[in-house]
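Text of the file input.cif, holding mmCIF, C-alpha atoms:
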data_upload
loop_
_atom_site.label_atom_id
_atom_site.label_comp_id
_atom_site.auth_asym_id
_atom_site.auth_seq_id
_atom_site.Cartn_x
_atom_site.Cartn_y
_atom_site.Cartn_z
CA MET Q 1 -15.73 17.88 5.95
CA ASN Q 2 -15.21 21.53 5.11
CA ILE Q 3 -11.55 22.42 4.83
CA VAL Q 4 -10.81 26.11 4.41
CA GLY Q 5 -7.44 27.18 3.05
CA ARG Q 6 -5.78 29.92 5.05
CA THR Q 7 -2.53 31.87 5.27
CA ILE Q 8 -0.84 31.77 8.66
CA PHE Q 9 1.53 34.52 9.75
CA ASN Q 10 3.76 33.97 12.74
CA THR Q 11 4.02 37.46 14.21
CA LYS Q 12 6.74 36.53 16.67
CA PHE Q 13 8.87 35.30 13.78
CA LEU Q 14 8.22 38.41 11.72
CA ASN Q 15 8.88 40.78 14.60
CA SER Q 16 12.13 39.05 15.52
CA TYR Q 17 13.47 39.59 12.02
CA SER Q 18 11.85 42.93 11.19
CA ILE Q 19 14.08 45.80 10.20
CA SER Q 20 13.04 49.41 10.34
CA LEU Q 21 13.17 51.17 7.04
CA SER Q 22 12.90 54.64 8.56
CA LYS Q 23 16.66 55.18 8.48
CA PHE Q 24 16.61 54.54 4.75
CA GLN Q 25 13.50 56.61 4.15
CA SER Q 26 15.13 59.61 5.84
CA THR Q 27 18.04 59.60 3.43
CA LYS Q 28 17.83 61.44 0.16
CA THR Q 29 19.46 58.61 -1.69
CA PRO Q 30 16.89 56.63 -3.71
CA LEU Q 31 16.57 52.97 -2.85
CA HIS Q 32 18.44 51.54 -5.78
CA SER Q 33 21.93 50.34 -6.53
CA SER Q 34 24.16 51.49 -3.64
CA SER Q 35 21.31 52.08 -1.19
CA SER Q 36 20.02 48.64 -2.03
CA SER Q 37 23.45 47.34 -1.09
CA ILE Q 38 23.24 49.23 2.22
CA PHE Q 39 19.79 47.71 2.80
CA ASN Q 40 21.07 44.19 2.11
CA ARG Q 41 23.98 44.67 4.50
CA ALA Q 42 21.58 45.85 7.17
CA ILE Q 43 19.46 42.78 6.71
CA ARG Q 44 22.48 40.51 6.91
CA GLY Q 45 23.64 42.31 10.02
CA ASN Q 46 20.34 41.78 11.81
CA LEU Q 47 19.73 38.18 10.82
CA PRO Q 48 21.28 35.11 12.39
CA PRO Q 49 23.58 32.88 10.27
CA LEU Q 50 21.92 31.36 7.20
CA LYS Q 51 21.84 27.78 8.50
CA HIS Q 52 20.00 28.93 11.64
CA ARG Q 53 17.59 31.05 9.61
CA ASN Q 54 16.74 28.09 7.38
CA SER Q 55 16.28 25.79 10.37
CA SER Q 56 14.03 28.26 12.20
CA PHE Q 57 12.00 28.98 9.09
CA SER Q 58 11.56 25.27 8.28
CA THR Q 59 10.47 24.51 11.84
CA ILE Q 60 7.94 27.33 11.91
CA MET Q 61 6.56 26.54 8.48
CA SER Q 62 6.35 22.82 9.29
CA SER Q 63 4.41 23.64 12.43
CA SER Q 64 2.00 25.90 10.57
CA PHE Q 65 1.42 23.20 7.95
CA LYS Q 66 0.22 20.82 10.69
CA PRO Q 67 1.50 17.61 9.06
CA GLU Q 68 0.30 15.52 12.02
CA GLN Q 69 -3.27 16.53 11.19
CA ALA Q 70 -3.11 15.20 7.62
CA ARG Q 71 -4.14 11.80 9.01
CA VAL Q 72 -7.16 11.48 11.28
CA PRO Q 73 -6.53 9.94 13.75
CA PRO Q 74 -2.79 10.73 13.57
CA ALA Q 75 -0.64 8.15 11.78
CA LEU Q 76 0.82 5.42 13.95
CA GLN Q 77 4.55 5.02 14.32
CA LEU Q 78 6.04 2.26 12.22
CA PRO Q 79 6.24 -0.69 14.63
CA THR Q 80 9.39 -2.70 15.20
CA PRO Q 81 8.87 -5.97 13.30
CA PRO Q 82 9.85 -9.37 14.75
CA ILE Q 83 12.40 -9.64 11.94
CA THR Q 84 13.72 -6.97 9.60
CA LYS Q 85 15.11 -9.16 6.82
CA TYR Q 86 13.52 -12.21 5.24
CA LYS Q 87 12.58 -13.84 1.95
CA ILE Q 88 9.13 -13.61 0.38
CA GLY Q 89 7.78 -16.19 -2.08
CA LEU Q 90 5.27 -15.20 -4.77
CA CYS Q 91 3.56 -18.26 -6.30
CA GLN Q 92 2.16 -17.49 -9.75
CA LEU Q 93 0.04 -20.59 -10.30
CA SER Q 94 -1.92 -22.07 -13.16
CA VAL Q 95 -5.59 -22.56 -12.25
CA THR Q 96 -7.90 -25.21 -13.72
CA ALA Q 97 -11.50 -26.33 -13.29
CA ASP Q 98 -10.28 -29.20 -11.07
CA LYS Q 99 -10.52 -27.89 -7.52
CA GLU Q 100 -8.70 -30.80 -5.88
CA ARG Q 101 -5.84 -30.40 -8.32
CA ASN Q 102 -5.69 -26.65 -7.63
CA ILE Q 103 -5.44 -27.25 -3.89
CA ALA Q 104 -2.71 -29.90 -4.24
CA HIS Q 105 -0.87 -27.69 -6.73
CA ALA Q 106 -0.94 -24.68 -4.38
CA LYS Q 107 0.32 -26.83 -1.51
CA LYS Q 108 3.26 -28.02 -3.58
CA ALA Q 109 4.10 -24.43 -4.56
CA ILE Q 110 4.10 -23.31 -0.93
CA GLU Q 111 6.37 -26.21 -0.02
CA ASP Q 112 8.75 -25.29 -2.85
CA ALA Q 113 8.83 -21.63 -1.78
CA ALA Q 114 9.52 -22.58 1.84
CA GLN Q 115 12.29 -24.93 0.76
CA LYS Q 116 13.91 -21.99 -1.04
CA GLY Q 117 13.89 -19.98 2.18
CA ALA Q 118 10.64 -18.01 2.03
CA LYS Q 119 9.25 -16.96 5.42
CA LEU Q 120 6.20 -15.34 3.83
CA VAL Q 121 4.37 -17.00 0.93
CA VAL Q 122 1.71 -15.27 -1.18
CA LEU Q 123 -0.82 -17.00 -3.45
CA PRO Q 124 -2.87 -15.52 -6.34
CA GLU Q 125 -6.40 -14.19 -6.39
CA ILE Q 126 -9.01 -16.97 -6.89
CA TRP Q 127 -6.47 -19.79 -7.04
CA ASN Q 128 -8.88 -22.67 -6.31
CA SER Q 129 -11.47 -21.79 -8.97
CA PRO Q 130 -11.84 -20.46 -12.49
CA TYR Q 131 -12.34 -16.71 -12.39
CA SER Q 132 -15.98 -16.32 -13.47
CA ASN Q 133 -19.32 -15.39 -11.98
CA ALA Q 134 -20.59 -18.82 -12.94
CA SER Q 135 -17.81 -20.53 -10.97
CA PHE Q 136 -17.85 -18.47 -7.77
CA PRO Q 137 -21.01 -20.08 -6.31
CA GLU Q 138 -19.88 -23.58 -7.28
CA TYR Q 139 -16.39 -23.31 -5.76
CA ALA Q 140 -17.27 -21.18 -2.72
CA GLU Q 141 -16.35 -22.47 0.74
CA ASP Q 142 -17.58 -21.83 4.28
CA ILE Q 143 -14.32 -20.62 5.77
CA GLU Q 144 -15.66 -20.19 9.28
CA ALA Q 145 -16.87 -23.80 9.37
CA GLY Q 146 -13.44 -25.01 8.19
CA ASN Q 147 -12.34 -28.60 7.68
CA ASN Q 148 -14.43 -30.35 5.01
CA ALA Q 149 -16.49 -27.20 4.45
CA SER Q 150 -13.33 -25.35 3.43
CA PRO Q 151 -10.68 -27.71 2.05
CA SER Q 152 -8.68 -24.81 0.59
CA THR Q 153 -8.15 -23.04 3.92
CA ALA Q 154 -7.71 -26.38 5.74
CA MET Q 155 -4.73 -27.02 3.47
CA LEU Q 156 -3.32 -23.54 4.11
CA SER Q 157 -3.60 -24.01 7.86
CA GLU Q 158 -1.94 -27.41 7.72
CA VAL Q 159 0.98 -26.37 5.51
CA SER Q 160 1.69 -23.10 7.36
CA ARG Q 161 1.90 -25.02 10.63
CA ALA Q 162 4.02 -27.81 9.17
CA LEU Q 163 6.49 -25.49 7.43
CA LYS Q 164 6.42 -22.66 9.99
CA VAL Q 165 5.71 -20.02 7.35
CA THR Q 166 3.29 -17.11 7.24
CA ILE Q 167 0.83 -17.40 4.36
CA VAL Q 168 -1.16 -14.68 2.61
CA GLY Q 169 -3.53 -17.15 1.01
CA GLY Q 170 -4.43 -15.34 -2.20
CA SER Q 171 -8.19 -15.43 -2.35
CA ILE Q 172 -11.02 -17.90 -2.77
CA PRO Q 173 -14.79 -17.52 -3.11
CA GLU Q 174 -16.28 -17.53 0.40
CA ARG Q 175 -19.89 -18.41 1.25
CA VAL Q 176 -21.59 -16.77 4.25
CA GLY Q 177 -25.28 -17.64 4.31
CA ASP Q 178 -26.69 -16.45 1.00
CA ARG Q 179 -23.77 -14.12 0.31
CA LEU Q 180 -20.51 -14.69 -1.55
CA TYR Q 181 -17.25 -12.84 -0.98
CA ASN Q 182 -13.83 -12.75 -2.64
CA THR Q 183 -11.77 -13.50 0.47
CA CYS Q 184 -8.08 -13.60 1.43
CA CYS Q 185 -7.07 -15.63 4.50
CA ILE Q 186 -3.83 -15.02 6.40
CA PHE Q 187 -2.30 -17.84 8.48
CA ASP Q 188 0.49 -17.61 11.03
CA THR Q 189 3.26 -20.12 11.61
CA ASP Q 190 1.07 -22.10 14.01
CA GLY Q 191 -1.54 -22.63 11.31
CA LYS Q 192 -3.96 -20.17 12.92
CA LEU Q 193 -6.24 -18.01 10.80
CA ILE Q 194 -5.20 -14.57 12.06
CA ALA Q 195 -7.01 -12.33 9.56
CA LYS Q 196 -9.49 -12.44 6.74
CA HIS Q 197 -9.88 -9.73 4.10
CA ARG Q 198 -12.99 -9.56 1.96
CA LYS Q 199 -12.43 -7.62 -1.27
CA ILE Q 200 -13.67 -4.09 -0.59
CA HIS Q 201 -13.86 -2.72 -4.13
CA LEU Q 202 -15.66 -5.04 -6.53
CA PHE Q 203 -14.37 -5.40 -10.06
CA ASP Q 204 -17.16 -3.88 -12.15
CA ILE Q 205 -15.81 -2.52 -15.43
CA ASP Q 206 -16.96 -2.07 -19.01
CA ILE Q 207 -14.42 -1.27 -21.71
CA PRO Q 208 -16.35 -1.69 -24.99
CA GLY Q 209 -14.74 -4.10 -27.40
CA LYS Q 210 -12.20 -5.16 -24.76
CA ILE Q 211 -13.59 -6.46 -21.48
CA THR Q 212 -16.77 -6.35 -19.43
CA PHE Q 213 -16.94 -7.95 -16.00
CA LYS Q 214 -19.30 -7.36 -13.07
CA GLU Q 215 -18.27 -9.08 -9.85
CA SER Q 216 -21.28 -7.50 -8.18
CA GLN Q 217 -23.52 -9.92 -10.10
CA THR Q 218 -22.49 -12.63 -7.64
CA LEU Q 219 -20.18 -11.16 -4.99
CA THR Q 220 -20.76 -8.85 -2.02
CA ALA Q 221 -18.25 -6.14 -1.17
CA GLY Q 222 -16.30 -6.42 2.07
CA GLU Q 223 -16.60 -3.67 4.66
CA THR Q 224 -13.37 -3.80 6.63
CA PRO Q 225 -9.81 -2.73 5.77
CA THR Q 226 -7.38 -5.39 6.96
CA VAL Q 227 -4.05 -4.81 8.68
CA VAL Q 228 -2.51 -7.77 10.49
CA ASP Q 229 0.57 -8.24 12.66
CA THR Q 230 2.52 -11.32 11.63
CA GLU Q 231 5.87 -12.96 12.31
CA VAL Q 232 7.25 -10.97 9.37
CA GLY Q 233 5.83 -7.57 10.21
CA ARG Q 234 2.60 -5.61 9.85
CA ILE Q 235 0.84 -6.30 6.55
CA GLY Q 236 -2.02 -4.47 4.85
CA ILE Q 237 -4.18 -6.64 2.59
CA GLY Q 238 -6.01 -5.76 -0.61
CA ILE Q 239 -7.35 -7.89 -3.44
CA CYS Q 240 -6.81 -6.94 -7.08
CA TYR Q 241 -9.16 -4.00 -7.77
CA ASP Q 242 -8.48 -2.69 -4.25
CA ILE Q 243 -5.06 -1.56 -5.50
CA ARG Q 244 -6.68 1.12 -7.65
CA PHE Q 245 -7.86 3.02 -4.58
CA GLN Q 246 -4.94 4.92 -3.10
CA GLU Q 247 -6.98 5.89 -0.05
CA LEU Q 248 -6.88 2.29 1.18
CA ALA Q 249 -3.10 2.12 0.81
CA ILE Q 250 -2.69 5.48 2.58
CA LEU Q 251 -4.88 4.22 5.39
CA TYR Q 252 -2.74 1.08 5.73
CA ALA Q 253 0.44 3.15 5.81
CA ALA Q 254 -1.09 5.36 8.52
CA ARG Q 255 -1.83 2.20 10.51
CA GLY Q 256 1.87 1.32 10.43
CA ALA Q 257 2.05 -1.31 7.70
CA HIS Q 258 5.49 -2.40 6.49
CA LEU Q 259 4.15 -4.29 3.49
CA LEU Q 260 1.01 -4.25 1.33
CA CYS Q 261 -0.01 -7.54 -0.29
CA TYR Q 262 -2.39 -7.58 -3.24
CA PRO Q 263 -3.31 -10.97 -4.67
CA GLY Q 264 -4.72 -9.95 -8.04
CA ALA Q 265 -5.71 -11.06 -11.51
CA PHE Q 266 -5.44 -8.09 -13.83
CA ASN Q 267 -6.48 -8.81 -17.41
CA MET Q 268 -4.97 -8.41 -20.84
CA THR Q 269 -6.53 -4.96 -21.31
CA THR Q 270 -5.66 -3.20 -18.07
CA GLY Q 271 -2.65 -5.32 -17.11
CA PRO Q 272 -0.10 -4.01 -19.63
CA LEU Q 273 -0.86 -0.37 -18.78
CA HIS Q 274 -1.80 -0.34 -15.12
CA TRP Q 275 -0.54 -3.38 -13.18
CA GLU Q 276 3.08 -2.32 -12.62
CA LEU Q 277 2.16 1.37 -12.56
CA LEU Q 278 -0.28 0.93 -9.67
CA GLN Q 279 2.10 -1.23 -7.65
CA ARG Q 280 4.92 1.26 -7.94
CA ALA Q 281 2.59 4.17 -7.17
CA ARG Q 282 1.27 2.54 -3.99
CA ALA Q 283 4.84 1.76 -2.90
CA VAL Q 284 6.43 5.13 -3.61
CA ASP Q 285 3.49 7.20 -2.34
CA ASN Q 286 3.55 5.42 1.01
CA GLN Q 287 7.25 4.51 1.16
CA LEU Q 288 6.75 0.83 1.95
CA TYR Q 289 6.90 -2.57 0.24
CA VAL Q 290 4.20 -3.79 -2.15
CA ALA Q 291 3.84 -7.44 -3.20
CA THR Q 292 1.41 -8.75 -5.78
CA CYS Q 293 0.60 -12.27 -6.90
CA SER Q 294 -1.33 -13.18 -10.05
CA PRO Q 295 -2.52 -16.45 -11.53
CA ALA Q 296 -0.46 -17.63 -14.48
CA ARG Q 297 -1.84 -16.75 -17.89
CA ASP Q 298 -4.09 -19.27 -19.64
CA ALA Q 299 -4.91 -18.01 -23.12
CA GLY Q 300 -7.75 -20.51 -23.41
CA ALA Q 301 -9.54 -19.44 -20.23
CA GLY Q 302 -12.70 -17.38 -20.17
CA TYR Q 303 -10.80 -14.74 -18.20
CA VAL Q 304 -7.16 -14.34 -19.20
CA ALA Q 305 -4.85 -13.07 -16.46
CA TRP Q 306 -1.94 -10.75 -17.19
CA GLY Q 307 0.46 -12.44 -14.74
CA HIS Q 308 3.64 -10.55 -13.80
CA SER Q 309 3.64 -11.10 -10.03
CA THR Q 310 5.95 -8.50 -8.52
CA LEU Q 311 7.73 -7.17 -5.43
CA VAL Q 312 8.25 -3.39 -5.29
CA GLY Q 313 10.50 -1.57 -2.81
CA PRO Q 314 9.72 1.63 -0.86
CA PHE Q 315 11.51 3.79 -3.44
CA GLY Q 316 9.26 2.45 -6.21
CA GLU Q 317 11.94 0.08 -7.50
CA ILE Q 318 11.07 -3.30 -9.00
CA LEU Q 319 12.90 -5.85 -6.85
CA ALA Q 320 11.58 -9.01 -8.50
CA THR Q 321 8.97 -9.91 -11.09
CA THR Q 322 7.79 -12.75 -13.31
CA GLU Q 323 6.61 -12.99 -16.88
CA HIS Q 324 3.16 -14.49 -17.53
CA GLY Q 325 3.80 -18.22 -17.08
CA GLU Q 326 3.76 -20.37 -13.99
CA GLU Q 327 6.63 -19.44 -11.68
CA ILE Q 328 7.69 -19.08 -8.06
CA ILE Q 329 9.89 -16.11 -7.33
CA ILE Q 330 11.85 -15.62 -4.12
CA ALA Q 331 12.96 -12.12 -3.19
CA ASP Q 332 14.54 -10.35 -0.22
CA ILE Q 333 12.74 -7.82 1.96
CA ASP Q 334 14.73 -5.51 4.23
CA TYR Q 335 12.58 -3.17 6.30
CA SER Q 336 15.53 -0.89 7.11
CA SER Q 337 15.10 0.53 3.62
CA ILE Q 338 11.72 1.93 4.67
CA GLU Q 339 13.34 4.13 7.31
CA LEU Q 340 16.10 5.07 4.88
CA ARG Q 341 13.68 6.25 2.20
CA ARG Q 342 11.49 8.07 4.72
CA THR Q 343 14.60 9.89 5.91
CA ASN Q 344 15.66 10.70 2.33
CA LEU Q 345 12.20 12.05 1.51
CA PRO Q 346 10.49 13.03 4.80
CA LEU Q 347 7.00 13.18 3.34
CA GLU Q 348 5.32 12.52 6.67
CA LYS Q 349 6.71 15.80 8.04
CA GLN Q 350 5.85 17.74 4.89
CA ARG Q 351 2.17 16.95 4.51
CA ARG Q 352 -0.29 19.86 4.63
CA GLY Q 353 -2.74 19.03 7.38
CA ASP Q 354 -3.87 22.64 7.16
CA LEU Q 355 -5.15 21.94 3.63
CA TYR Q 356 -6.20 18.27 3.48
CA GLN Q 357 -6.90 15.23 5.64
CA LEU Q 358 -7.49 11.52 5.19
CA VAL Q 359 -9.95 10.20 7.76
CA ASP Q 360 -9.70 6.57 8.87
CA VAL Q 361 -13.40 6.17 9.62
CA GLN Q 362 -13.10 2.95 11.62
CA ARG Q 363 -10.18 4.12 13.75
CA SER Q 364 -11.81 7.48 14.45
#

I need this file expressed as structure tokens, please.
Amino acid sequence: MNIVGRTIFNTKFLNSYSISLSKFQSTKTPLHSSSSSIFNRAIRGNLPPLKHRNSSFSTIMSSSFKPEQARVPPALQLPTPPITKYKIGLCQLSVTADKERNIAHAKKAIEDAAQKGAKLVVLPEIWNSPYSNASFPEYAEDIEAGNNASPSTAMLSEVSRALKVTIVGGSIPERVGDRLYNTCCIFDTDGKLIAKHRKIHLFDIDIPGKITFKESQTLTAGETPTVVDTEVGRIGIGICYDIRFQELAILYAARGAHLLCYPGAFNMTTGPLHWELLQRARAVDNQLYVATCSPARDAGAGYVAWGHSTLVGPFGEILATTEHGEEIIIADIDYSSIELRRTNLPLEKQRRGDLYQLVDVQRS
């Protein structure tokens, strides 16, 4: 895409407010001091009241900036959610090498969150398996086959139906033929699998003396952004490293998401510096809610998670967070605050579509 910057002059606007200087040029008085005062009075006499001038100018400039073209296709209107206020439960769980224990433990956490009033429950990234390339193939499940082939998602389906809660099921290793994915499953209150997000951006990093990890050694990257309509609103899904890519969050906001959920397991190197920073950035840039859910920290594990599961509001405010241990936090979401903040700071109307665009390739 070749975007050329340009200056746009609205001739009708200029002509309607132009003032001839000939009368001043014909006078022998130099244009300073008193003549400048005469000039200013002439301008004031030919212009409409200030509030109308500002309104007209803002409207014309906004039109020339083409904010609606900053998103291609144009951003969708924020949909009306089934409910505007509800409680979310973030389950920061300890994870062991015992898969059956992990599944039973996650079920109990979901039940506890629902008992405390949560209508949406979020689990951590890779909650049924140790986080390692060696473990992913061993713990991977065939989600499409279901039942015995995927005991983790069978449990999620059963408990969501029994408790009538929406579940963003963290993530588990998924097997599809000879490929493995890091996959998040979303279940509705009837226990139906309504969406599946495969981690788009694989966690391949190398910080010498700190941490080296290459998910691409075993996992395949997903190819589809995931936005899903649920009983608690429209949710955009990312997994851990996906949060670093603001384009994905912008795309979700343009698709009308109320909430972004990122199950994630940041580490002890990047977690202290980036985990909260990225969550707040995604929330405030897009003026929506962001929820994250991490495994609890296990200092003896091969991969040590940072923890600190968090809910961030559309003004970038931390609404609830944990420390690093095992914990379930319940927090309130009120979607009316999205409209409030978008009215306070009308970024959508101030974008410069004449200078930049974000293209949603799949929608376009």

Report task. Given the file shown, determine the residues that the PyMOL selection byres ((chain Q and resi 215) around 6) selects; report them as a VMD selection string. Result -> chain Q and resid 202 to 204 214 216 to 219

Query - Surrounding residues of region 131-135 of chain Q excluding itself and chain neighbours under 6 positions, 10 Å, only C-alpha atoms, as number ranges by chain - result: Q: 95-97, 125, 172-173, 213-219, 265, 295, 301-305

For the residues selected in the previous step, produce a file with C-alpha atoms as a CSV table (one decimal), in the frame of the given file.
chain,number,residue,atom,x,y,z
Q,95,VAL,CA,-5.6,-22.6,-12.2
Q,96,THR,CA,-7.9,-25.2,-13.7
Q,97,ALA,CA,-11.5,-26.3,-13.3
Q,125,GLU,CA,-6.4,-14.2,-6.4
Q,172,ILE,CA,-11.0,-17.9,-2.8
Q,173,PRO,CA,-14.8,-17.5,-3.1
Q,213,PHE,CA,-16.9,-8.0,-16.0
Q,214,LYS,CA,-19.3,-7.4,-13.1
Q,215,GLU,CA,-18.3,-9.1,-9.8
Q,216,SER,CA,-21.3,-7.5,-8.2
Q,217,GLN,CA,-23.5,-9.9,-10.1
Q,218,THR,CA,-22.5,-12.6,-7.6
Q,219,LEU,CA,-20.2,-11.2,-5.0
Q,265,ALA,CA,-5.7,-11.1,-11.5
Q,295,PRO,CA,-2.5,-16.4,-11.5
Q,301,ALA,CA,-9.5,-19.4,-20.2
Q,302,GLY,CA,-12.7,-17.4,-20.2
Q,303,TYR,CA,-10.8,-14.7,-18.2
Q,304,VAL,CA,-7.2,-14.3,-19.2
Q,305,ALA,CA,-4.8,-13.1,-16.5

Query raised in the report: Between CA of Glu223 (chain Q) and CA of Ile250 (chain Q), what is the distance, to one decimal in Å?
Result: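 Interatomic distance, CA of Glu223 (chain Q) to CA of Ile250 (chain Q): 16.8 Å.
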
Query raised in the report: In Å to one decimal, how far is CA of Arg297 (chain Q) from CA of Gly209 (chain Q)?
Result: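 Those two atoms sit 20.4 Å apart.
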
Query - Expected answer as a ChimeraX atom specification: all residues with atoms within 12 Å of (-6.9, -26.0, -6.8), all atoms listed in the file - result: /Q:93-109,123-130,139,151-153,155-156,170-172,295

Report task. Tell me, as a list in words, which residues lie within 9 Å of Lys66 (chain Q), counting only C-alpha atoms; anything in the same chain fewer than 6 positions away does not count. Result -> Lys349, Gln350, Arg351, Arg352, Gly353, Asp354 and Leu355 of chain Q

Within 10 Å of region 226-240 of chain Q, which residues of region 276-347 of chain Q come that close, and what is the closest atom pair and distance in Å for each? Count all atoms listed in the file and give it as a Markdown table.
| residue | atom | partner | partner_atom | distance |
| --- | --- | --- | --- | --- |
| Q:Tyr289 | CA | Q:Ile235 | CA | 9.5 |
| Q:Val290 | CA | Q:Gly236 | CA | 9.4 |
| Q:Ala291 | CA | Q:Ile237 | CA | 9.9 |
| Q:Thr292 | CA | Q:Cys240 | CA | 8.5 |
| Q:Cys293 | CA | Q:Cys240 | CA | 9.1 |
| Q:Ser294 | CA | Q:Cys240 | CA | 8.8 |
| Q:Ile333 | CA | Q:Val232 | CA | 9.7 |
| Q:Tyr335 | CA | Q:Gly233 | CA | 9.0 |

**Report entry** Contact residues around Ala254 (chain Q) with all atoms listed in the file at 8 Å, ignoring same-chain residues under 2 positions, as a ChimeraX atom specification
**Finding:** /Q:71,74-76,250-252,256-257

Kindly assemble as JSON lines a list of the region 191-272 of chain Q residues that lie within 12 Å of region 313-326 of chain Q, each paired with its nearest atom pair and their distance in Å to one decimal, using all atoms listed in the file, sorted first by chain and then by ascending residue number.
{"residue": "Q:Ala253", "atom": "CA", "partner": "Q:Pro314", "partner_atom": "CA", "distance": 11.5}
{"residue": "Q:Ala257", "atom": "CA", "partner": "Q:Pro314", "partner_atom": "CA", "distance": 11.9}
{"residue": "Q:His258", "atom": "CA", "partner": "Q:Pro314", "partner_atom": "CA", "distance": 9.4}
{"residue": "Q:Leu259", "atom": "CA", "partner": "Q:Pro314", "partner_atom": "CA", "distance": 9.2}
{"residue": "Q:Leu260", "atom": "CA", "partner": "Q:Gly313", "partner_atom": "CA", "distance": 10.7}
{"residue": "Q:Ala265", "atom": "CA", "partner": "Q:His324", "partner_atom": "CA", "distance": 11.3}
{"residue": "Q:Phe266", "atom": "CA", "partner": "Q:His324", "partner_atom": "CA", "distance": 11.3}
{"residue": "Q:Asn267", "atom": "CA", "partner": "Q:His324", "partner_atom": "CA", "distance": 11.2}
{"residue": "Q:Met268", "atom": "CA", "partner": "Q:His324", "partner_atom": "CA", "distance": 10.7}
{"residue": "Q:Gly271", "atom": "CA", "partner": "Q:His324", "partner_atom": "CA", "distance": 10.9}
{"residue": "Q:Pro272", "atom": "CA", "partner": "Q:His324", "partner_atom": "CA", "distance": 11.2}

Report summary line: Atom pair CA of Arg244 (chain Q) + CA of Ser336 (chain Q), distance 26.7 Å

Report task. Name the residues that the PyMOL selection byres ((chain Q and resi 116-119) around 8) pulls out of this structure, and write them as JSON, numbers by chain. Result -> {"Q": [86, 87, 88, 89, 112, 113, 114, 115, 120, 121, 164, 165, 166, 232, 330]}

Could you write out as lines of an AutoDock Vina configuration file the box around region 71-89 of chain Q (axis-aligned, all atoms listed in the file, 4 Å on each side), with centre and edge lengths in Å to one decimal?
center_x = 4.0
center_y = -2.2
center_z = 6.6
size_x = 30.3
size_y = 36.0
size_z = 25.3

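Candidate residues Q:Thr220, Q:Asn286, Q:Thr212, Q:Gln69 were compared for distance to Leu347 (chain Q), and the nearest is Q:Asn286, using all atoms listed in the file.
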